[in-house]
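Enquirer: The structure file run-v8.cif (mmCIF, C-alpha atoms and all ligand atoms) is provided below.
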```
data_protein
loop_
_atom_site.group_PDB
_atom_site.id
_atom_site.type_symbol
_atom_site.label_atom_id
_atom_site.label_comp_id
_atom_site.auth_asym_id
_atom_site.auth_seq_id
_atom_site.Cartn_x
_atom_site.Cartn_y
_atom_site.Cartn_z
ATOM 1 C CA MET A 1 5.288 -5.844 -20.891
ATOM 2 C CA THR A 2 6.833 -2.668 -19.513
ATOM 3 C CA LEU A 3 8.799 -2.740 -16.298
ATOM 4 C CA LEU A 4 9.169 0.650 -14.655
ATOM 5 C CA LYS A 5 12.123 1.653 -12.510
ATOM 6 C CA ILE A 6 11.231 1.557 -8.822
ATOM 7 C CA ALA A 7 12.437 4.544 -6.789
ATOM 8 C CA LYS A 8 14.263 3.709 -3.562
ATOM 9 C CA MET A 9 14.183 5.580 -0.262
ATOM 10 C CA GLY A 10 16.299 8.687 -0.697
ATOM 11 C CA ASP A 11 14.876 9.500 -4.127
ATOM 12 C CA PRO A 12 13.052 12.833 -3.632
ATOM 13 C CA VAL A 13 10.087 11.584 -5.716
ATOM 14 C CA LEU A 14 9.095 9.443 -2.714
ATOM 15 C CA SER A 15 8.772 12.508 -0.481
ATOM 16 C CA GLU A 16 6.500 14.513 -2.771
ATOM 17 C CA VAL A 17 2.737 14.910 -2.476
ATOM 18 C CA SER A 18 1.170 13.416 -5.611
ATOM 19 C CA ASN A 19 -1.312 15.242 -7.846
ATOM 20 C CA VAL A 20 -5.012 14.525 -8.214
ATOM 21 C CA VAL A 21 -5.822 12.801 -11.525
ATOM 22 C CA ASP A 22 -8.189 14.926 -13.622
ATOM 23 C CA ASP A 23 -9.639 12.089 -15.721
ATOM 24 C CA PRO A 24 -9.400 8.582 -14.200
ATOM 25 C CA THR A 25 -10.511 7.047 -17.512
ATOM 26 C CA SER A 26 -7.805 8.652 -19.690
ATOM 27 C CA GLU A 27 -5.420 6.579 -21.809
ATOM 28 C CA PRO A 28 -2.279 7.716 -19.906
ATOM 29 C CA VAL A 29 -3.858 6.479 -16.651
ATOM 30 C CA LYS A 30 -4.743 3.119 -18.252
ATOM 31 C CA LYS A 31 -1.161 2.776 -19.492
ATOM 32 C CA LEU A 32 0.241 3.732 -16.074
ATOM 33 C CA LEU A 33 -1.940 1.094 -14.374
ATOM 34 C CA LYS A 34 -0.886 -1.601 -16.816
ATOM 35 C CA ASP A 35 2.802 -0.793 -16.366
ATOM 36 C CA MET A 36 2.426 -0.595 -12.573
ATOM 37 C CA HIS A 37 0.715 -3.991 -12.635
ATOM 38 C CA ASP A 38 3.574 -5.565 -14.619
ATOM 39 C CA THR A 39 6.172 -3.903 -12.388
ATOM 40 C CA MET A 40 4.502 -4.930 -9.126
ATOM 41 C CA PHE A 41 4.151 -8.588 -10.111
ATOM 42 C CA ASP A 42 7.682 -8.739 -11.513
ATOM 43 C CA ALA A 43 8.966 -7.440 -8.156
ATOM 44 C CA ASP A 44 6.761 -9.815 -6.099
ATOM 45 C CA GLY A 45 4.994 -6.902 -4.424
ATOM 46 C CA THR A 46 1.519 -6.835 -2.869
ATOM 47 C CA GLY A 47 1.098 -3.124 -3.458
ATOM 48 C CA LEU A 48 2.521 -0.241 -5.459
ATOM 49 C CA ALA A 49 1.914 3.499 -5.592
ATOM 50 C CA ALA A 50 2.548 5.727 -8.619
ATOM 51 C CA PRO A 51 5.299 7.821 -6.939
ATOM 52 C CA GLN A 52 7.325 4.612 -6.546
ATOM 53 C CA VAL A 53 7.550 4.459 -10.348
ATOM 54 C CA HIS A 54 8.339 8.174 -10.692
ATOM 55 C CA SER A 55 4.775 9.234 -11.550
ATOM 56 C CA GLY A 56 3.370 11.972 -9.351
ATOM 57 C CA LYS A 57 -0.250 10.864 -9.699
ATOM 58 C CA ARG A 58 -2.648 9.766 -6.986
ATOM 59 C CA VAL A 59 -2.842 6.155 -8.162
ATOM 60 C CA ILE A 60 -2.307 3.009 -6.075
ATOM 61 C CA MET A 61 -2.763 -0.731 -6.469
ATOM 62 C CA PHE A 62 -2.730 -3.492 -3.901
ATOM 63 C CA MET A 63 -4.092 -6.887 -2.972
ATOM 64 C CA ALA A 64 -4.754 -8.655 0.309
ATOM 65 C CA GLN A 65 -5.112 -12.288 -0.478
ATOM 66 C CA ASN A 66 -3.536 -13.675 2.677
ATOM 67 C CA SER A 67 -6.327 -12.840 5.043
ATOM 68 C CA ASN A 68 -5.658 -12.760 8.741
ATOM 69 C CA GLN A 69 -7.097 -16.095 9.794
ATOM 70 C CA LYS A 70 -7.316 -15.185 13.452
ATOM 71 C CA ASN A 71 -10.087 -12.693 12.611
ATOM 72 C CA GLU A 72 -12.474 -15.164 11.039
ATOM 73 C CA LYS A 73 -15.465 -12.915 11.501
ATOM 74 C CA ASN A 74 -13.729 -10.267 9.382
ATOM 75 C CA ILE A 75 -12.896 -12.620 6.543
ATOM 76 C CA ASP A 76 -14.645 -10.494 3.893
ATOM 77 C CA THR A 77 -13.158 -7.139 4.874
ATOM 78 C CA ASP A 78 -9.716 -8.740 5.445
ATOM 79 C CA PHE A 79 -9.609 -9.770 1.796
ATOM 80 C CA ALA A 80 -9.145 -7.748 -1.382
ATOM 81 C CA PRO A 81 -8.502 -8.948 -4.906
ATOM 82 C CA LEU A 82 -6.012 -6.956 -6.958
ATOM 83 C CA THR A 83 -7.460 -3.443 -6.776
ATOM 84 C CA SER A 84 -6.375 -0.258 -8.559
ATOM 85 C CA LEU A 85 -7.641 3.065 -7.227
ATOM 86 C CA ILE A 86 -7.366 6.582 -8.607
ATOM 87 C CA ASN A 87 -7.679 9.607 -6.271
ATOM 88 C CA PRO A 88 -8.333 7.400 -3.230
ATOM 89 C CA SER A 89 -9.487 8.687 0.144
ATOM 90 C CA TRP A 90 -10.115 6.963 3.468
ATOM 91 C CA LYS A 91 -11.021 7.316 7.117
ATOM 92 C CA PRO A 92 -10.654 5.116 10.194
ATOM 93 C CA LEU A 93 -13.892 3.549 11.498
ATOM 94 C CA SER A 94 -12.507 3.208 15.010
ATOM 95 C CA GLU A 95 -9.535 4.523 16.970
ATOM 96 C CA ALA A 96 -8.088 1.016 17.281
ATOM 97 C CA MET A 97 -4.568 0.530 15.917
ATOM 98 C CA GLU A 98 -2.381 -2.539 15.615
ATOM 99 C CA ILE A 99 1.350 -2.939 15.056
ATOM 100 C CA GLY A 100 2.283 -5.240 12.189
ATOM 101 C CA TRP A 101 5.276 -6.006 9.965
ATOM 102 C CA GLU A 102 5.581 -4.304 6.588
ATOM 103 C CA GLY A 103 7.939 -4.215 3.688
ATOM 104 C CA CYS A 104 8.160 -1.833 0.751
ATOM 105 C CA LEU A 105 9.553 -2.215 -2.762
ATOM 106 C CA SER A 106 11.229 1.190 -2.263
ATOM 107 C CA ILE A 107 13.038 -0.078 0.853
ATOM 108 C CA PRO A 108 14.349 -3.418 -0.411
ATOM 109 C CA GLY A 109 15.622 -5.968 2.081
ATOM 110 C CA LEU A 110 14.117 -4.352 5.168
ATOM 111 C CA THR A 111 11.014 -4.997 7.230
ATOM 112 C CA GLY A 112 9.561 -2.880 10.024
ATOM 113 C CA ALA A 113 6.779 -2.931 12.618
ATOM 114 C CA VAL A 114 4.271 -0.171 11.917
ATOM 115 C CA PRO A 115 1.101 0.892 13.752
ATOM 116 C CA ARG A 116 -1.966 1.177 11.493
ATOM 117 C CA TYR A 117 -5.705 1.577 11.958
ATOM 118 C CA VAL A 118 -7.359 -1.829 11.991
ATOM 119 C CA ASN A 119 -10.802 -0.882 10.671
ATOM 120 C CA ILE A 120 -11.125 1.662 7.878
ATOM 121 C CA LYS A 121 -13.357 2.699 5.024
ATOM 122 C CA TYR A 122 -11.855 3.785 1.718
ATOM 123 C CA GLN A 123 -13.001 4.857 -1.700
ATOM 124 C CA GLY A 124 -11.542 5.807 -5.029
ATOM 125 C CA TYR A 125 -12.161 5.855 -8.756
ATOM 126 C CA LEU A 126 -11.772 2.752 -10.869
ATOM 127 C CA VAL A 127 -10.360 3.082 -14.372
ATOM 128 C CA ASP A 128 -13.892 2.904 -15.821
ATOM 129 C CA GLY A 129 -14.782 6.100 -13.950
ATOM 130 C CA THR A 130 -17.019 4.456 -11.331
ATOM 131 C CA ILE A 131 -16.390 4.838 -7.601
ATOM 132 C CA LEU A 132 -15.426 1.840 -5.460
ATOM 133 C CA GLU A 133 -16.120 2.015 -1.746
ATOM 134 C CA ARG A 134 -15.010 -0.655 0.726
ATOM 135 C CA GLN A 135 -14.557 -1.389 4.369
ATOM 136 C CA ALA A 136 -11.194 -2.945 5.201
ATOM 137 C CA THR A 137 -9.711 -4.679 8.235
ATOM 138 C CA GLY A 138 -6.481 -6.467 9.107
ATOM 139 C CA PHE A 139 -3.825 -6.749 6.399
ATOM 140 C CA HIS A 140 -6.230 -5.299 3.833
ATOM 141 C CA ALA A 141 -6.542 -2.074 5.898
ATOM 142 C CA ARG A 142 -2.764 -2.083 6.454
ATOM 143 C CA VAL A 143 -1.743 -2.412 2.799
ATOM 144 C CA PHE A 144 -4.214 0.311 1.793
ATOM 145 C CA GLN A 145 -2.820 2.748 4.399
ATOM 146 C CA HIS A 146 0.750 1.904 3.359
ATOM 147 C CA GLU A 147 0.058 2.598 -0.334
ATOM 148 C CA TYR A 148 -2.008 5.699 0.422
ATOM 149 C CA ASP A 149 0.870 7.119 2.504
ATOM 150 C CA HIS A 150 3.087 7.022 -0.620
ATOM 151 C CA LEU A 151 0.712 9.569 -2.229
ATOM 152 C CA ASP A 152 1.505 11.997 0.580
ATOM 153 C CA GLY A 153 5.245 11.321 0.442
ATOM 154 C CA VAL A 154 5.308 9.156 3.578
ATOM 155 C CA LEU A 155 7.333 5.934 3.875
ATOM 156 C CA TYR A 156 6.610 3.340 6.567
ATOM 157 C CA PRO A 157 9.692 4.053 8.754
ATOM 158 C CA GLN A 158 8.213 7.527 9.328
ATOM 159 C CA ARG A 159 5.211 5.821 10.972
ATOM 160 C CA MET A 160 7.299 3.572 13.215
ATOM 161 C CA GLU A 161 7.369 4.097 16.974
ATOM 162 C CA ASN A 162 10.481 2.019 17.671
ATOM 163 C CA LEU A 163 13.334 1.817 15.155
ATOM 164 C CA LYS A 164 14.620 -1.271 16.957
ATOM 165 C CA HIS A 165 11.882 -2.926 14.919
ATOM 166 C CA LEU A 166 13.454 -1.977 11.569
ATOM 167 C CA VAL A 167 15.471 -5.010 10.492
ATOM 168 C CA PHE A 168 16.815 -6.814 7.444
ATOM 169 C CA THR A 169 14.301 -9.438 6.368
ATOM 170 C CA ASP A 170 16.937 -12.139 5.865
ATOM 171 C CA GLU A 171 18.314 -11.593 9.389
ATOM 172 C CA ALA A 172 14.768 -11.725 10.785
ATOM 173 C CA MET A 173 14.242 -15.033 8.991
ATOM 174 C CA ARG A 174 17.468 -16.339 10.521
ATOM 175 C CA HIS A 175 17.011 -15.018 14.038
ATOM 176 C CA GLY A 176 13.271 -14.297 14.323
ATOM 177 C CA LEU A 177 11.563 -10.930 14.512
ATOM 178 C CA PRO A 178 12.585 -8.725 17.463
ATOM 179 C CA SER A 179 10.018 -8.342 20.225
HETATM 180 NI NI NI B 201 5.652 0.931 -0.114
#
```
What does this structure look like when you write it as C-alpha cells?

Expert:
Amino acid sequence: MTLLKIAKMGDPVLSEVSNVVDDPTSEPVKKLLKDMHDTMFDADGTGLAAPQVHSGKRVIMFMAQNSNQKNEKNIDTDFAPLTSLINPSWKPLSEAMEIGWEGCLSIPGLTGAVPRYVNIKYQGYLVDGTILERQATGFHARVFQHEYDHLDGVLYPQRMENLKHLVFTDEAMRHGLPS
C-alpha cells in the first residue's frame, strides 16, 4: 500500500490546470489510480483528484454511496459506486443549482456551502480504455463537479457565494451549520 502526500490549499499544485492523459490504459496511470485509491480510503475521503496528490494528470475518483433520500425518484442517478475516470468531461442537463455542504481533503477541518448543478451528464475513460457515460443528480453530481474542478485548479471556496458559510467542521457539529 502506498499513501501519497495530500497537497493542502496554498500549495500551487492545486491551482494548476492538469494535463490530458495520452494513454488511459498505461501502467503509470494504473499505479496512480491504485495509490490514489489507498490514499483516499486512508484519509476517509469520498473523492480525490490527481492534483491533490501532486500529479498533474486529468484523473479523478469518487463515490456517492449516501444517496439523497429525499429524491427517491432519482435514486439511481444519485448513487455511484467507487468510480475512477481519466480525462473526464461533463455538462449540466438543466440550469438548476443547489447549495450543499462540502469538504475537501486539501482543506482539512473546514466545510463550506457551495452551489452546484443538480442534474448533469459526465463521461470519461476507464482504466481499460472504454468510455463510461452517466447521468448524475444530487450528491453524486456534486462530488463529480467538486473533483472535476480540481483538474482546472479550482477549490470549493472559489465557488462559494457567501464566506459566512465556510466553517470548521467541529464547530459546526457543536453549534449547528450556519443558515
Ligand atoms: Ni477536494

Enquirer: Determine, counting only C-alpha atoms, which protein, DNA and RNA residues have an atom within 12 Å of an atom of Pro81 in chain A; residues of the same chain fewer than 5 positions away are not included. Present the result as a list in words.

Expert: Thr46, Gly47, Met61, Phe62, Met63, Ala64, Gln65, Asn66, Ser67, Asp76, Arg134 and His140 of chain A

Enquirer: Of the residues A:Gly10, A:Gly138, A:Pro92, A:Gly45, which is the one nearest to ligand NI 201 (chain B), using all atoms listed in the file?

Expert: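 For ligand NI 201 (chain B), the nearest of the candidates is A:Gly45.
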
Enquirer: Given the file shown, enumerate the residues that the PyMOL selection byres (((not hetatm)) within 9 of (chain B and resi 201)) captures and present them as a count of residues only.

Expert: 18

Enquirer: Leu126 in chain A: which residues within 9 Å, counting all atoms listed in the file, same-chain residues fewer than 6 positions away excluded, as number ranges by chain?

Expert: A: 24-25, 83-86, 132

Enquirer: Would you mind telling me which residue in A:Arg159, A:Lys34, A:Lys164, A:His54 lies nearest to Lys8 in chain A when using all atoms listed in the file?

Expert: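 Among the listed residues, A:His54 lies closest to Lys8 in chain A.
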
Enquirer: Quick one: apply the PyMOL selection byres (((chain A and resi 20) around 7) and not hetatm) to the file and drop the selected residues here as a list of chain:residue names.

Expert: A:Ser18, A:Asn19, A:Val21, A:Asp22, A:Lys57, A:Arg58, A:Asn87

Enquirer: Which of these residues is nearest to Gln123 in chain A, using all atoms listed in the file: A:Asp152, A:Ser89, A:Val13, A:Glu27?

Expert: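 Residue with the minimum atom-to-atom distance to Gln123 in chain A: A:Ser89.
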
Enquirer: Please evaluate the PyMOL selection byres (((chain A and resi 2) around 7) and not hetatm) against the structure above and give the resulting residues as a count of residues only.

Expert: 5

Enquirer: Report the distance between CA of Tyr117 in chain A and CA of Ser94 in chain A in Å, rounded to one decimal place.

Expert: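 Going from CA of Tyr117 in chain A over to CA of Ser94 in chain A, I get 7.6 Å.
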
Enquirer: Go through A:Val154, A:Pro178, A:Glu16, A:Val118 one by one, measure the shortest atom-to-atom distance of each to Gln135 in chain A using all atoms listed in the file, and give the residue with the smallest value.

Expert: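 When distances to Gln135 in chain A are compared using all atoms listed in the file, the smallest one comes from A:Val118.
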
Enquirer: What gap, in Å, lies between CA of Ala136 in chain A and CA of Ile60 in chain A?

Expert: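 Computing it gives 15.5 Å between the two atoms.
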
Enquirer: How many Å lie between CA of Arg142 in chain A and CA of Phe168 in chain A, rounded to one decimal?

Expert: 20.2 Å

Enquirer: Might I get the box with edges along x, y and z of the file that holds all atoms of range 29-36 of chain A listed there, padded by 8 Å on every side, given as centre and edge lengths in Å to one decimal, as lines of an AutoDock Vina configuration file?

Expert:
```
center_x = -1.0
center_y = 2.4
center_z = -16.0
size_x = 23.5
size_y = 24.1
size_z = 22.9
```

Enquirer: Near Gly100 in chain A, counting all atoms listed in the file, which residues have an atom at most 8 Å away, once you skip same-chain residues fewer than 2 positions from it, shown as a PDB file with C-alpha atoms, in the frame of the given file?

Expert:
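Output contents, as saved in around35.pdb:
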```pdb
ATOM      1  CA  GLU A  98      -2.381  -2.539  15.615  1.00  0.00           C
ATOM      2  CA  GLU A 102       5.581  -4.304   6.588  1.00  0.00           C
ATOM      3  CA  GLY A 112       9.561  -2.880  10.024  1.00  0.00           C
ATOM      4  CA  ALA A 113       6.779  -2.931  12.618  1.00  0.00           C
ATOM      5  CA  VAL A 114       4.271  -0.171  11.917  1.00  0.00           C
ATOM      6  CA  PRO A 115       1.101   0.892  13.752  1.00  0.00           C
ATOM      7  CA  ARG A 116      -1.966   1.177  11.493  1.00  0.00           C
TER       8      ARG A 116
END
```

Enquirer: Can you rebuild range 85-98 of chain A with N, CA, C and O atoms and give it as a PDB file, in the frame of the given file?

Expert:
```
ATOM      1  N   LEU A  85      -6.813   1.918  -7.594  1.00  0.00           N
ATOM      2  CA  LEU A  85      -7.641   3.065  -7.227  1.00  0.00           C
ATOM      3  C   LEU A  85      -6.972   4.362  -7.647  1.00  0.00           C
ATOM      4  O   LEU A  85      -5.768   4.548  -7.483  1.00  0.00           O
ATOM      5  N   ILE A  86      -7.810   5.264  -8.166  1.00  0.00           N
ATOM      6  CA  ILE A  86      -7.366   6.582  -8.607  1.00  0.00           C
ATOM      7  C   ILE A  86      -8.004   7.615  -7.674  1.00  0.00           C
ATOM      8  O   ILE A  86      -9.196   7.503  -7.359  1.00  0.00           O
ATOM      9  N   ASN A  87      -7.216   8.572  -7.218  1.00  0.00           N
ATOM     10  CA  ASN A  87      -7.679   9.607  -6.271  1.00  0.00           C
ATOM     11  C   ASN A  87      -8.354   8.979  -5.046  1.00  0.00           C
ATOM     12  O   ASN A  87      -9.481   9.354  -4.698  1.00  0.00           O
ATOM     13  N   PRO A  88      -7.691   8.041  -4.379  1.00  0.00           N
ATOM     14  CA  PRO A  88      -8.333   7.400  -3.230  1.00  0.00           C
ATOM     15  C   PRO A  88      -8.444   8.347  -2.033  1.00  0.00           C
ATOM     16  O   PRO A  88      -7.713   9.341  -1.937  1.00  0.00           O
ATOM     17  N   SER A  89      -9.380   8.011  -1.146  1.00  0.00           N
ATOM     18  CA  SER A  89      -9.487   8.687   0.144  1.00  0.00           C
ATOM     19  C   SER A  89      -9.917   7.631   1.161  1.00  0.00           C
ATOM     20  O   SER A  89     -10.368   6.549   0.791  1.00  0.00           O
ATOM     21  N   TRP A  90      -9.765   7.962   2.449  1.00  0.00           N
ATOM     22  CA  TRP A  90     -10.115   6.963   3.468  1.00  0.00           C
ATOM     23  C   TRP A  90     -10.319   7.627   4.809  1.00  0.00           C
ATOM     24  O   TRP A  90      -9.932   8.777   5.004  1.00  0.00           O
ATOM     25  N   LYS A  91     -10.936   6.867   5.726  1.00  0.00           N
ATOM     26  CA  LYS A  91     -11.021   7.316   7.117  1.00  0.00           C
ATOM     27  C   LYS A  91     -11.077   6.091   8.027  1.00  0.00           C
ATOM     28  O   LYS A  91     -11.597   5.039   7.633  1.00  0.00           O
ATOM     29  N   PRO A  92     -10.548   6.234   9.252  1.00  0.00           N
ATOM     30  CA  PRO A  92     -10.654   5.116  10.194  1.00  0.00           C
ATOM     31  C   PRO A  92     -12.090   4.999  10.697  1.00  0.00           C
ATOM     32  O   PRO A  92     -12.781   6.011  10.831  1.00  0.00           O
ATOM     33  N   LEU A  93     -12.542   3.768  10.959  1.00  0.00           N
ATOM     34  CA  LEU A  93     -13.892   3.549  11.498  1.00  0.00           C
ATOM     35  C   LEU A  93     -13.860   3.367  13.004  1.00  0.00           C
ATOM     36  O   LEU A  93     -14.904   3.302  13.651  1.00  0.00           O
ATOM     37  N   SER A  94     -12.659   3.213  13.553  1.00  0.00           N
ATOM     38  CA  SER A  94     -12.507   3.208  15.010  1.00  0.00           C
ATOM     39  C   SER A  94     -11.106   3.710  15.313  1.00  0.00           C
ATOM     40  O   SER A  94     -10.272   3.816  14.410  1.00  0.00           O
ATOM     41  N   GLU A  95     -10.858   4.022  16.572  1.00  0.00           N
ATOM     42  CA  GLU A  95      -9.535   4.523  16.970  1.00  0.00           C
ATOM     43  C   GLU A  95      -8.507   3.401  17.068  1.00  0.00           C
ATOM     44  O   GLU A  95      -7.313   3.673  17.201  1.00  0.00           O
ATOM     45  N   ALA A  96      -8.976   2.153  17.016  1.00  0.00           N
ATOM     46  CA  ALA A  96      -8.088   1.016  17.281  1.00  0.00           C
ATOM     47  C   ALA A  96      -6.954   0.923  16.266  1.00  0.00           C
ATOM     48  O   ALA A  96      -7.183   1.040  15.057  1.00  0.00           O
ATOM     49  N   MET A  97      -5.733   0.717  16.776  1.00  0.00           N
ATOM     50  CA  MET A  97      -4.568   0.530  15.917  1.00  0.00           C
ATOM     51  C   MET A  97      -3.866  -0.753  16.321  1.00  0.00           C
ATOM     52  O   MET A  97      -4.024  -1.240  17.440  1.00  0.00           O
ATOM     53  N   GLU A  98      -3.088  -1.286  15.379  1.00  0.00           N
ATOM     54  CA  GLU A  98      -2.381  -2.539  15.615  1.00  0.00           C
ATOM     55  C   GLU A  98      -1.002  -2.403  14.972  1.00  0.00           C
ATOM     56  O   GLU A  98      -0.873  -1.808  13.902  1.00  0.00           O
TER      57      GLU A  98
END
```
